[in-house]
$ cat entry33.txt   # compact mmCIF, C-alpha atoms
# COMPACT_ATOMS: atom_id res chain seq x y z
CA MET I 17 220.76 25.98 -5.29
CA LYS I 18 220.65 27.96 -8.52
CA ASP I 19 221.96 31.13 -6.87
CA LYS I 20 224.91 29.10 -5.57
CA THR I 21 225.71 28.05 -9.13
CA LEU I 22 225.56 31.63 -10.42
CA LEU I 23 227.78 32.88 -7.58
CA GLY I 24 230.32 30.10 -8.04
CA LEU I 25 230.66 30.56 -11.80
CA ASN I 26 230.90 34.37 -11.64
CA LEU I 27 233.34 34.51 -8.72
CA SER I 28 235.59 31.87 -10.27
CA VAL I 29 235.82 33.52 -13.66
CA PHE I 30 236.27 36.96 -12.10
CA LEU I 31 239.33 35.81 -10.16
CA MET I 32 240.86 34.13 -13.18
CA MET I 33 240.22 37.00 -15.58
CA ILE I 34 241.84 39.49 -13.25
CA GLY I 35 244.88 37.23 -13.51
CA VAL I 36 244.60 37.03 -17.29
CA GLY I 37 244.40 40.81 -17.46
CA MET I 38 247.58 41.06 -15.40
CA ILE I 39 249.66 38.62 -17.45
CA VAL I 40 248.70 39.63 -20.99
CA THR I 41 250.99 42.65 -20.83
CA LEU I 42 253.82 40.62 -19.26
CA LEU I 43 254.02 37.77 -21.76
CA PRO I 44 255.33 39.78 -24.75
CA GLN I 45 257.82 41.45 -22.41
CA LYS I 46 259.06 38.06 -21.18
CA ILE I 47 259.50 36.82 -24.77
CA VAL I 48 261.67 39.86 -25.52
CA GLU I 49 263.73 39.25 -22.37
CA LEU I 50 264.30 35.57 -23.23
CA ASP I 51 264.95 35.97 -26.97
CA GLY I 52 266.47 39.43 -27.02
CA ASN I 53 263.88 40.56 -29.59
CA GLY I 54 260.16 40.47 -30.29
CA LYS I 55 260.20 38.58 -33.58
CA HIS I 56 258.26 35.62 -32.22
CA VAL I 57 255.73 37.43 -30.03
CA GLY I 58 252.93 36.68 -32.52
CA TYR I 59 253.20 32.98 -31.73
CA LEU I 60 251.75 33.69 -28.28
CA ALA I 61 248.36 34.29 -29.88
CA SER I 62 248.70 31.46 -32.41
CA MET I 63 249.54 28.77 -29.86
CA PHE I 64 246.64 29.82 -27.65
CA ALA I 65 244.22 29.88 -30.58
CA ILE I 66 245.15 26.43 -31.87
CA ALA I 67 244.21 24.65 -28.65
CA TYR I 68 241.27 26.95 -28.00
CA ILE I 69 239.69 26.36 -31.42
CA VAL I 70 240.36 22.61 -31.78
CA LEU I 71 239.00 21.66 -28.35
CA GLN I 72 235.75 23.65 -28.30
CA VAL I 73 233.36 21.13 -29.83
CA PRO I 74 234.91 17.95 -28.31
CA ILE I 75 234.81 19.46 -24.81
CA GLY I 76 231.24 20.64 -25.29
CA THR I 77 230.15 17.20 -26.47
CA MET I 78 231.87 15.42 -23.59
CA ALA I 79 230.38 17.89 -21.10
CA ASP I 80 226.88 17.14 -22.40
CA ARG I 81 227.50 13.44 -21.85
CA PHE I 82 229.56 13.38 -18.64
CA GLY I 83 228.74 16.68 -16.97
CA PHE I 84 229.93 20.28 -16.93
CA LYS I 85 231.56 20.36 -13.50
CA PHE I 86 234.54 18.10 -14.23
CA PHE I 87 235.54 19.98 -17.38
CA LEU I 88 235.20 23.39 -15.70
CA ILE I 89 237.47 22.23 -12.87
CA LEU I 90 239.88 20.73 -15.41
CA GLY I 91 239.98 24.02 -17.30
CA TYR I 92 240.90 26.01 -14.21
CA LEU I 93 243.52 23.44 -13.18
CA LEU I 94 245.12 23.61 -16.62
CA CYS I 95 245.29 27.39 -16.26
CA PHE I 96 246.86 26.91 -12.81
CA LEU I 97 249.56 24.71 -14.36
CA THR I 98 249.96 27.28 -17.14
CA GLY I 99 250.72 30.01 -14.59
CA LEU I 100 253.39 27.81 -12.97
CA CYS I 101 254.91 27.11 -16.39
CA PHE I 102 254.98 30.85 -17.16
CA TYR I 103 256.75 31.49 -13.85
CA PHE I 104 259.39 28.80 -14.34
CA SER I 105 259.91 29.29 -18.09
CA THR I 106 263.51 29.70 -19.14
CA SER I 107 262.92 29.78 -22.90
CA SER I 108 260.38 31.18 -25.32
CA THR I 109 259.62 27.62 -26.50
CA MET I 110 258.40 26.73 -23.02
CA LEU I 111 256.21 29.84 -23.00
CA PHE I 112 254.67 28.89 -26.34
CA PHE I 113 253.82 25.37 -25.14
CA SER I 114 252.40 26.91 -21.97
CA ARG I 115 250.05 28.96 -24.12
CA LEU I 116 248.74 25.70 -25.58
CA PHE I 117 247.78 24.65 -22.04
CA GLN I 118 246.18 28.03 -21.44
CA GLY I 119 244.10 27.76 -24.62
CA ALA I 120 242.98 24.26 -23.61
CA GLY I 121 242.15 25.51 -20.13
CA GLU I 122 240.17 28.57 -21.18
CA ALA I 123 238.12 26.70 -23.80
CA PRO I 124 235.66 25.15 -21.29
CA ILE I 125 235.63 28.27 -19.10
CA TRP I 126 234.38 30.51 -21.91
CA ALA I 127 232.00 27.98 -23.49
CA LEU I 128 230.64 25.62 -20.83
CA ALA I 129 229.68 28.10 -18.12
CA PRO I 130 227.16 29.96 -20.36
CA ALA I 131 225.77 26.60 -21.47
CA LEU I 132 225.35 25.51 -17.85
CA LEU I 133 223.66 28.81 -17.00
CA SER I 134 221.20 28.37 -19.88
CA VAL I 135 220.24 24.99 -18.43
CA LYS I 136 219.93 26.21 -14.84
CA TYR I 137 218.09 29.43 -15.72
CA PRO I 138 216.03 28.68 -18.86
CA LEU I 139 213.60 31.58 -18.32
CA MET I 140 216.27 34.21 -17.72
CA LYS I 141 219.26 32.81 -19.58
CA GLY I 142 219.95 36.10 -21.33
CA LYS I 143 220.35 37.93 -18.05
CA VAL I 144 222.58 35.35 -16.36
CA MET I 145 224.70 34.67 -19.46
CA GLY I 146 225.11 38.41 -19.94
CA THR I 147 226.16 38.84 -16.31
CA TYR I 148 228.76 36.08 -16.69
CA ASN I 149 230.20 37.64 -19.84
CA ALA I 150 230.21 41.06 -18.18
CA VAL I 151 232.13 39.67 -15.20
CA ILE I 152 234.73 38.26 -17.60
CA HIS I 153 235.37 41.66 -19.15
CA ILE I 154 235.29 43.50 -15.83
CA GLY I 155 238.04 41.17 -14.65
CA LEU I 156 240.01 41.79 -17.84
CA THR I 157 239.61 45.53 -17.25
CA LEU I 158 240.79 45.47 -13.65
CA GLY I 159 243.72 43.10 -14.24
CA PRO I 160 246.06 45.50 -16.08
CA ILE I 161 245.27 48.28 -13.57
CA LEU I 162 246.13 46.01 -10.65
CA ALA I 163 249.33 44.88 -12.41
CA VAL I 164 250.55 48.48 -12.63
CA PHE I 165 250.54 48.71 -8.84
CA LEU I 166 251.86 45.20 -8.18
CA VAL I 167 254.99 45.58 -10.35
CA LYS I 168 256.06 48.42 -8.06
CA VAL I 169 256.36 46.05 -5.09
CA TRP I 170 256.84 42.65 -6.78
CA GLN I 171 259.04 41.28 -9.52
CA PRO I 172 256.98 41.10 -12.74
CA ASN I 173 257.57 37.34 -12.91
CA ASP I 174 255.87 36.89 -9.52
CA ILE I 175 252.56 37.99 -11.04
CA PHE I 176 252.46 34.70 -12.96
CA LEU I 177 252.29 32.93 -9.60
CA LEU I 178 249.40 35.15 -8.52
CA TYR I 179 247.58 34.23 -11.72
CA ALA I 180 248.27 30.53 -11.10
CA PHE I 181 246.87 30.50 -7.59
CA ALA I 182 243.87 32.60 -8.61
CA CYS I 183 243.06 29.81 -11.10
CA LEU I 184 243.57 27.17 -8.41
CA LEU I 185 241.18 28.99 -6.08
CA SER I 186 238.68 29.21 -8.94
CA ALA I 187 238.86 25.43 -9.39
CA VAL I 188 238.12 24.98 -5.68
CA LEU I 189 235.13 27.32 -5.92
CA ILE I 190 233.72 25.34 -8.85
CA TYR I 191 234.10 22.13 -6.82
CA LEU I 192 232.30 23.64 -3.83
CA PHE I 193 229.54 25.62 -5.55
CA ILE I 194 228.58 23.80 -8.76
CA GLU I 195 226.28 20.81 -9.03
CA ASN I 196 227.00 18.49 -11.93
CA VAL I 197 224.62 18.35 -14.89
CA ASN I 198 224.80 15.69 -17.58
CA TYR I 199 222.43 14.07 -20.05
CA GLU I 200 224.13 10.74 -20.68
CA ASP I 201 220.90 8.84 -20.07
CA LYS I 202 218.99 11.12 -22.47
CA LEU I 203 221.48 11.17 -25.33
CA THR I 204 220.40 8.84 -28.10
CA SER I 205 222.95 10.27 -30.53
CA SER I 206 225.92 12.60 -30.46
CA PHE I 207 225.84 16.13 -31.78
CA THR I 208 228.95 15.85 -33.93
CA PHE I 209 230.85 18.45 -35.94
CA SER I 210 229.13 17.21 -39.10
CA ARG I 211 225.76 17.91 -37.47
CA ILE I 212 226.99 21.36 -36.51
CA LEU I 213 227.90 22.02 -40.13
CA SER I 214 224.45 20.76 -41.14
CA LEU I 215 223.03 23.77 -39.30
CA SER I 216 224.13 25.74 -42.35
CA LYS I 217 221.12 24.25 -44.15
CA ASN I 218 219.03 26.42 -41.86
CA SER I 219 219.38 29.94 -43.26
CA LYS I 220 218.97 31.63 -39.87
CA ALA I 221 221.62 29.45 -38.24
CA PHE I 222 223.94 29.81 -41.24
CA ILE I 223 223.91 33.60 -41.30
CA THR I 224 224.26 33.67 -37.51
CA LEU I 225 227.39 31.50 -37.73
CA LEU I 226 228.75 33.90 -40.38
CA GLY I 227 228.07 36.78 -38.02
CA ILE I 228 229.79 34.96 -35.15
CA THR I 229 232.86 34.41 -37.32
CA LEU I 230 232.89 38.12 -38.18
CA TYR I 231 232.48 38.97 -34.50
CA GLY I 232 235.59 36.89 -33.79
CA THR I 233 237.41 38.96 -36.39
CA GLY I 234 236.17 42.15 -34.77
CA TYR I 235 237.30 41.07 -31.32
CA GLY I 236 240.68 40.19 -32.77
CA ILE I 237 241.24 43.48 -34.59
CA PHE I 238 240.31 45.44 -31.47
CA LEU I 239 243.20 43.68 -29.72
CA THR I 240 245.72 43.85 -32.58
CA THR I 241 245.08 45.77 -35.82
CA ILE I 242 243.28 48.77 -34.34
CA PRO I 243 245.92 49.52 -31.66
CA ALA I 244 248.59 49.34 -34.39
CA TYR I 245 246.55 51.76 -36.52
CA LEU I 246 246.12 54.17 -33.60
CA LEU I 247 249.83 54.12 -32.87
CA GLN I 248 251.13 54.34 -36.43
CA GLU I 249 248.65 56.58 -38.23
CA LYS I 250 246.84 58.52 -35.52
CA GLY I 251 249.80 59.16 -33.21
CA PHE I 252 248.20 57.77 -30.05
CA SER I 253 250.45 57.60 -27.00
CA SER I 254 250.67 54.50 -24.81
CA ILE I 255 248.39 56.25 -22.30
CA TYR I 256 245.63 56.70 -24.87
CA ILE I 257 246.08 53.11 -26.03
CA GLY I 258 245.41 52.11 -22.44
CA VAL I 259 242.30 54.32 -22.44
CA PHE I 260 241.16 52.65 -25.67
CA PHE I 261 241.48 49.14 -24.17
CA SER I 262 239.68 50.19 -20.99
CA LEU I 263 236.80 51.67 -22.99
CA PHE I 264 236.64 48.52 -25.11
CA TYR I 265 236.27 46.24 -22.09
CA VAL I 266 233.88 48.58 -20.25
CA ALA I 267 231.63 48.93 -23.31
CA THR I 268 231.61 45.16 -23.78
CA SER I 269 230.68 44.63 -20.12
CA ILE I 270 227.83 47.16 -20.25
CA SER I 271 226.49 45.65 -23.47
CA GLN I 272 226.27 42.22 -21.85
CA ILE I 273 224.14 43.41 -18.93
CA ILE I 274 221.77 45.42 -21.13
CA THR I 275 221.43 42.89 -23.95
CA GLY I 276 220.82 39.90 -21.71
CA GLN I 277 217.74 41.35 -20.05
CA LEU I 278 216.34 42.80 -23.27
CA SER I 279 216.83 39.51 -25.14
CA ASP I 280 214.90 37.66 -22.44
CA LYS I 281 212.02 40.08 -22.98
CA PHE I 282 212.02 40.66 -26.74
CA GLY I 283 214.09 37.80 -28.15
CA PRO I 284 217.69 37.94 -29.46
CA SER I 285 217.11 38.33 -33.23
CA ARG I 286 216.65 42.09 -33.37
CA PHE I 287 219.66 42.67 -31.13
CA MET I 288 221.95 40.61 -33.36
CA ILE I 289 221.06 42.89 -36.27
CA LEU I 290 221.22 46.06 -34.19
CA GLY I 291 224.61 45.13 -32.78
CA LEU I 292 226.14 44.57 -36.22
CA LEU I 293 224.72 47.85 -37.53
CA ILE I 294 226.10 49.81 -34.55
CA ALA I 295 229.53 48.21 -34.93
CA SER I 296 229.55 48.81 -38.69
CA SER I 297 228.60 52.49 -38.34
CA GLY I 298 231.25 53.25 -35.73
CA LEU I 299 234.08 51.54 -37.61
CA CYS I 300 233.14 53.16 -40.92
CA ILE I 301 233.34 56.66 -39.44
CA THR I 302 236.47 56.12 -37.32
CA PRO I 303 239.17 56.75 -40.00
CA ILE I 304 238.03 60.33 -40.69
CA LEU I 305 238.11 61.42 -37.04
CA ASP I 306 240.77 62.59 -34.60
CA LEU I 307 241.64 61.49 -31.09
CA PHE I 308 238.45 62.14 -29.10
CA GLY I 309 236.12 61.23 -31.94
CA ILE I 310 238.04 58.02 -32.59
CA LEU I 311 237.72 56.94 -28.96
CA VAL I 312 233.98 57.69 -29.00
CA MET I 313 233.32 55.81 -32.25
CA LEU I 314 235.43 52.80 -31.27
CA THR I 315 233.62 52.66 -27.94
CA ILE I 316 230.28 52.68 -29.78
CA SER I 317 231.56 49.93 -32.08
CA SER I 318 232.67 47.92 -29.05
CA LEU I 319 229.18 48.28 -27.64
CA GLY I 320 227.69 47.04 -30.93
CA LEU I 321 229.97 44.02 -31.10
CA GLY I 322 229.14 43.21 -27.49
CA VAL I 323 225.40 43.40 -28.20
CA PHE I 324 225.81 40.97 -31.11
CA TYR I 325 228.05 38.70 -29.01
CA LEU I 326 225.46 37.88 -26.37
CA ALA I 327 222.39 38.02 -28.65
CA SER I 328 223.93 35.55 -31.10
CA MET I 329 225.00 33.27 -28.24
CA ILE I 330 221.43 33.18 -26.93
CA PHE I 331 220.02 32.66 -30.43
CA LEU I 332 222.35 29.74 -31.21
CA ASN I 333 221.70 28.24 -27.77
CA GLU I 334 217.99 28.12 -28.60
CA THR I 335 218.54 26.12 -31.80
CA VAL I 336 219.26 22.85 -29.93
CA ASP I 337 217.61 20.79 -27.21
CA GLU I 338 218.82 20.95 -23.63
CA PRO I 339 221.11 17.85 -23.81
CA PHE I 340 223.24 19.57 -26.48
CA LYS I 341 223.81 22.98 -24.85
CA GLY I 342 227.50 22.30 -24.19
CA THR I 343 228.19 21.24 -27.75
CA ILE I 344 226.44 24.22 -29.35
CA SER I 345 228.25 26.59 -26.98
CA GLY I 346 231.52 25.00 -28.06
CA ALA I 347 230.46 25.45 -31.68
CA TYR I 348 229.89 29.14 -31.00
CA TYR I 349 233.46 29.63 -29.82
CA LEU I 350 234.79 27.43 -32.60
CA PHE I 351 233.47 29.83 -35.25
CA TRP I 352 234.42 32.82 -33.06
CA GLY I 353 237.96 31.44 -32.84
CA ILE I 354 238.19 30.85 -36.59
CA GLY I 355 237.26 34.48 -37.19
CA MET I 356 239.72 35.70 -34.57
CA PHE I 357 242.53 33.52 -35.95
CA PHE I 358 242.17 34.30 -39.67
CA GLY I 359 240.39 37.66 -39.78
CA PRO I 360 242.93 40.05 -38.23
CA PRO I 361 245.84 38.80 -40.40
CA ALA I 362 243.66 39.19 -43.50
CA LEU I 363 242.76 42.77 -42.60
CA SER I 364 246.39 43.47 -41.73
CA MET I 365 247.33 42.38 -45.25
CA VAL I 366 244.76 44.80 -46.67
CA SER I 367 246.07 47.63 -44.50
CA GLN I 368 249.68 46.91 -45.53
CA GLY I 369 248.82 46.50 -49.21
CA ALA I 370 246.51 49.50 -49.38
CA SER I 371 245.63 51.37 -46.19
CA PHE I 372 244.13 51.01 -42.74
CA LYS I 373 241.23 53.14 -43.95
CA LEU I 374 240.35 50.62 -46.66
CA ALA I 375 240.57 47.77 -44.15
CA PHE I 376 238.14 49.60 -41.84
CA ILE I 377 235.69 50.30 -44.67
CA LEU I 378 235.92 46.72 -45.97
CA TYR I 379 235.21 45.15 -42.59
CA SER I 380 232.42 47.58 -41.70
CA SER I 381 230.82 46.99 -45.12
CA ILE I 382 230.85 43.22 -44.59
CA LEU I 383 229.22 43.70 -41.18
CA PHE I 384 226.51 45.82 -42.80
CA VAL I 385 225.86 43.24 -45.53
CA ILE I 386 225.56 40.43 -42.98
CA ALA I 387 223.19 42.55 -40.87
CA MET I 388 220.98 43.18 -43.90
CA GLY I 389 221.12 39.50 -44.83
CA MET I 390 220.15 38.61 -41.29
CA LEU I 391 217.21 41.03 -41.42
CA PHE I 392 216.04 39.52 -44.71
CA VAL I 393 216.32 35.94 -43.44
CA MET I 394 214.57 36.67 -40.14
CA CYS I 395 211.68 38.36 -41.95
CA GLN I 396 211.20 35.46 -44.38
CA ASN I 397 209.50 33.47 -41.68
CA LYS I 398 206.16 34.97 -40.68
CA LYS I 399 206.59 33.92 -37.08
CA ASP I 400 209.99 35.57 -36.89
CA MET I 401 208.62 38.71 -38.45
CA GLU I 402 205.83 38.93 -35.88
CA SER I 403 208.31 38.52 -33.02
CA PHE I 404 210.59 41.04 -34.67

$ encode --input "entry33.txt" --output "structure tokens"
Amino acid sequence: MKDKTLLGLNLSVFLMMIGVGMIVTLLPQKIVELDGNGKHVGYLASMFAIAYIVLQVPIGTMADRFGFKFFLILGYLLCFLTGLCFYFSTSSTMLFFSRLFQGAGEAPIWALAPALLSVKYPLMKGKVMGTYNAVIHIGLTLGPILAVFLVKVWQPNDIFLLYAFACLLSAVLIYLFIENVNYEDKLTSSFTFSRILSLSKNSKAFITLLGITLYGTGYGIFLTTIPAYLLQEKGFSSIYIGVFFSLFYVATSISQIITGQLSDKFGPSRFMILGLLIASSGLCITPILDLFGILVMLTISSLGLGVFYLASMIFLNETVDEPFKGTISGAYYLFWGIGMFFGPPALSMVSQGASFKLAFILYSSILFVIAMGMLFVMCQNKKDMESF
């Protein structure tokens, strides 16, 4: 019933991510309505990130021991409750606590499903993991478009209910379509956070984790710092900001489909390096261009980050035995979350203290250095060099 598993995971996440895409534009607006200003809007991201980061490894470890299915259902149910809380919120404080629930709910959905797919489809894990990630970003792309039409016939607040029941339906689909997988009888020890940190002793794993952290930063700045730069310094209108986001999600989706199949055939190492180099090149050139050129280069950079995203996920997945797939997937999103939480504010400080241009050059240079370091490390091992 492997095809049933693939269908259930993809359909569930597609429904939920359409909902996420619809509500992301409404949450800041609701904060402004409740508080009368937007001073605290930034806490929406912080509250989500706290729960999302802290729970990644514990949930992955528990899923390895007790099974993936329960925690996937729990994640969707938490998101269902989150949607109800958003709908009934009468204060910004309630919204912020609701974002904690959302972060806790999305943690297993992002991390455990790829891990489960790698177990179910060991010979084509790149393809199926890439398809899953592509479906996520297609849903995120369609959500805001659908919201534009729905707000014409519904009250904006009603969309939170639609999101809630989409998550509830997703939980039902997981219950119906997914068979549980656990390795409790095979686990002789736990893959703890200290053992995850011990991966840093392996040079390939260490530099990959650095790259994953930088990818988290890149994902974060594409959602925050770069839109601010386009608005403030390049004079983009809200329409072109919408075009930028659409291109970002579309490029990410395409990169997942392409990279997954190629990684299955040639291995993920070369695509990690290639992805970082593409992202670095596009971001380095962006500040000297105007509207059309900026959109093209940022789309290319999005493609590069997406290539690295899936290739590094596959690479890290292959560093552990099958009973620890959930934990290592959680570790991936732990480091991704750390980069997303700390990286964008750091680059924002650089842009405010100096310029956006310097921030772009600094980040793209770091990506290039990590790519070169990755190339050096991969080529140190003769076996890696032959496969490269």

$ residues_around --input "entry33.txt" --residues "range 133-150 of chain I" --least-positions-apart "4" --cutoff "7 Å" --atoms "only C-alpha atoms" --output "NGL selection string"
:I and (18 or 26 or 129 or 154 or 269-270 or 272-273 or 276-277 or 279-280 or 326 or 330 or 338)

$ closest_atom_pairs --input "entry33.txt" --of "range 121-197 of chain I" --to "range 104-116 of chain I" --cutoff "10 Å" --atoms "all atoms listed in the file" --output "JSON lines"
{"residue": "I:Gly121", "atom": "CA", "partner": "I:Leu116", "partner_atom": "CA", "distance": 8.6}
{"residue": "I:Asn173", "atom": "CA", "partner": "I:Phe104", "partner_atom": "CA", "distance": 8.8}
{"residue": "I:Phe176", "atom": "CA", "partner": "I:Phe104", "partner_atom": "CA", "distance": 9.2}
{"residue": "I:Leu177", "atom": "CA", "partner": "I:Phe104", "partner_atom": "CA", "distance": 9.5}

$ axis_aligned_box --input "entry33.txt" --around "range 21-37 of chain I" --padding-each-side "8 Å" --output "AutoDock Vina command-line options"
--center_x 235.2 --center_y 34.4 --center_z -12.5 --size_x 35.3 --size_y 28.8 --size_z 25.9

$ residues_around --input "entry33.txt" --residues "Gly234 in chain I" --least-positions-apart "6" --cutoff "8 Å" --atoms "all atoms listed in the file" --output "JSON list (two decimals) with C-alpha atoms, keeping the file's coordinate frame"
[["chain", "number", "residue", "atom", "x", "y", "z"],
["I", 321, "LEU", "CA", 229.97, 44.02, -31.10],
["I", 356, "MET", "CA", 239.72, 35.70, -34.57],
["I", 359, "GLY", "CA", 240.39, 37.66, -39.78],
["I", 360, "PRO", "CA", 242.93, 40.05, -38.23]]

$ atom_distance --input "entry33.txt" --atom1 "CA of Leu132 in chain I" --atom2 "CA of Leu290 in chain I"
26.6 Å

$ residues_around --input "entry33.txt" --residues "Tyr179 in chain I" --least-positions-apart "6" --cutoff "12 Å" --atoms "all atoms listed in the file" --output "mmCIF file with C-alpha atoms, in the frame of the given file"
data_model
loop_
_atom_site.group_PDB
_atom_site.id
_atom_site.type_symbol
_atom_site.label_atom_id
_atom_site.label_comp_id
_atom_site.auth_asym_id
_atom_site.auth_seq_id
_atom_site.Cartn_x
_atom_site.Cartn_y
_atom_site.Cartn_z
ATOM 1 C CA VAL I 29 235.820 33.520 -13.660
ATOM 2 C CA PHE I 30 236.270 36.960 -12.100
ATOM 3 C CA LEU I 31 239.330 35.810 -10.160
ATOM 4 C CA MET I 32 240.860 34.130 -13.180
ATOM 5 C CA MET I 33 240.220 37.000 -15.580
ATOM 6 C CA ILE I 34 241.840 39.490 -13.250
ATOM 7 C CA GLY I 35 244.880 37.230 -13.510
ATOM 8 C CA VAL I 36 244.600 37.030 -17.290
ATOM 9 C CA GLY I 37 244.400 40.810 -17.460
ATOM 10 C CA MET I 38 247.580 41.060 -15.400
ATOM 11 C CA ILE I 39 249.660 38.620 -17.450
ATOM 12 C CA VAL I 40 248.700 39.630 -20.990
ATOM 13 C CA LEU I 42 253.820 40.620 -19.260
ATOM 14 C CA TYR I 92 240.900 26.010 -14.210
ATOM 15 C CA LEU I 93 243.520 23.440 -13.180
ATOM 16 C CA LEU I 94 245.120 23.610 -16.620
ATOM 17 C CA CYS I 95 245.290 27.390 -16.260
ATOM 18 C CA PHE I 96 246.860 26.910 -12.810
ATOM 19 C CA LEU I 97 249.560 24.710 -14.360
ATOM 20 C CA THR I 98 249.960 27.280 -17.140
ATOM 21 C CA GLY I 99 250.720 30.010 -14.590
ATOM 22 C CA LEU I 100 253.390 27.810 -12.970
ATOM 23 C CA CYS I 101 254.910 27.110 -16.390
ATOM 24 C CA PHE I 102 254.980 30.850 -17.160
ATOM 25 C CA TYR I 103 256.750 31.490 -13.850
ATOM 26 C CA GLN I 118 246.180 28.030 -21.440
ATOM 27 C CA GLY I 159 243.720 43.100 -14.240
ATOM 28 C CA LEU I 162 246.130 46.010 -10.650
ATOM 29 C CA ALA I 163 249.330 44.880 -12.410
ATOM 30 C CA PRO I 172 256.980 41.100 -12.740
ATOM 31 C CA ASN I 173 257.570 37.340 -12.910
ATOM 32 C CA LEU I 185 241.180 28.990 -6.080
ATOM 33 C CA SER I 186 238.680 29.210 -8.940
#

$ atom_distance --input "entry33.txt" --atom1 "CA of Phe358 in chain I" --atom2 "CA of Phe64 in chain I"
13.6 Å

$ atom_distance --input "entry33.txt" --atom1 "CA of Gly83 in chain I" --atom2 "CA of Ala187 in chain I"
15.4 Å

$ closest_residue --input "entry33.txt" --among "I:Met365, I:Ala120, I:Ile289, I:Ile237" --to "Val70 in chain I" --atoms "all atoms listed in the file"
I:Ala120

$ closest_residue --input "entry33.txt" --among "I:Ser253, I:Ser381, I:Ser345, I:Thr229" --to "Ile301 in chain I" --atoms "all atoms listed in the file"
I:Ser381

$ closest_residue --input "entry33.txt" --among "I:Thr224, I:Phe193, I:Thr41, I:Ser371" --to "Val164 in chain I" --atoms "all atoms listed in the file"
I:Thr41

$ residues_around --input "entry33.txt" --residues "Thr233 in chain I" --least-positions-apart "5" --cutoff "12 Å" --atoms "only C-alpha atoms" --output "JSON, numbers by chain"
{"I": [226, 227, 228, 238, 239, 240, 241, 242, 321, 325, 351, 352, 353, 354, 355, 356, 357, 358, 359, 360, 361, 362, 363, 364, 376, 379, 380, 382, 383]}

$ closest_residue --input "entry33.txt" --among "I:Val48, I:Ser285, I:Val393, I:Tyr348" --to "Asn218 in chain I" --atoms "only C-alpha atoms"
I:Val393

$ closest_residue --input "entry33.txt" --among "I:Ala127, I:Leu189, I:Val167, I:Met63" --to "Leu27 in chain I" --atoms "only C-alpha atoms"
I:Leu189

$ residues_around --input "entry33.txt" --residues "Phe384 in chain I" --least-positions-apart "2" --cutoff "10 Å" --atoms "only C-alpha atoms" --output "list of chain:residue names"
I:Ile289, I:Leu292, I:Leu293, I:Ile294, I:Ala295, I:Ser296, I:Ser297, I:Leu378, I:Tyr379, I:Ser380, I:Ser381, I:Ile382, I:Ile386, I:Ala387, I:Met388, I:Gly389, I:Met390

$ decode --input "entry33.txt" --residues "range 349-361 of chain I" --atoms "N, CA and C atoms" --output "compact mmCIF listing (two decimals), in the first residue's frame"
# COMPACT_ATOMS: atom_id res chain seq x y z
N TYR I 349 15.30 20.07 10.55
CA TYR I 349 14.47 21.26 10.71
C TYR I 349 14.82 22.05 11.97
N LEU I 350 15.51 21.40 12.91
CA LEU I 350 16.04 22.14 14.05
C LEU I 350 17.07 23.15 13.58
N PHE I 351 18.06 22.70 12.80
CA PHE I 351 19.10 23.60 12.32
C PHE I 351 18.52 24.60 11.31
N TRP I 352 17.59 24.15 10.48
CA TRP I 352 16.89 25.06 9.56
C TRP I 352 16.19 26.16 10.35
N GLY I 353 15.51 25.78 11.42
CA GLY I 353 14.79 26.75 12.24
C GLY I 353 15.71 27.73 12.94
N ILE I 354 16.87 27.23 13.41
CA ILE I 354 17.83 28.13 14.05
C ILE I 354 18.29 29.20 13.06
N GLY I 355 18.59 28.77 11.83
CA GLY I 355 19.01 29.73 10.81
C GLY I 355 17.91 30.72 10.48
N MET I 356 16.68 30.23 10.40
CA MET I 356 15.56 31.11 10.06
C MET I 356 15.25 32.09 11.19
N PHE I 357 15.48 31.66 12.44
CA PHE I 357 15.16 32.50 13.60
C PHE I 357 16.21 33.60 13.82
N PHE I 358 17.49 33.23 13.68
CA PHE I 358 18.56 34.18 14.00
C PHE I 358 19.13 34.89 12.77
N GLY I 359 19.10 34.25 11.61
CA GLY I 359 19.75 34.82 10.44
C GLY I 359 19.14 36.10 9.91
N PRO I 360 17.82 36.12 9.64
CA PRO I 360 17.22 37.35 9.11
C PRO I 360 17.40 38.57 10.00
N PRO I 361 17.22 38.47 11.33
CA PRO I 361 17.49 39.65 12.17
C PRO I 361 18.93 40.13 12.07
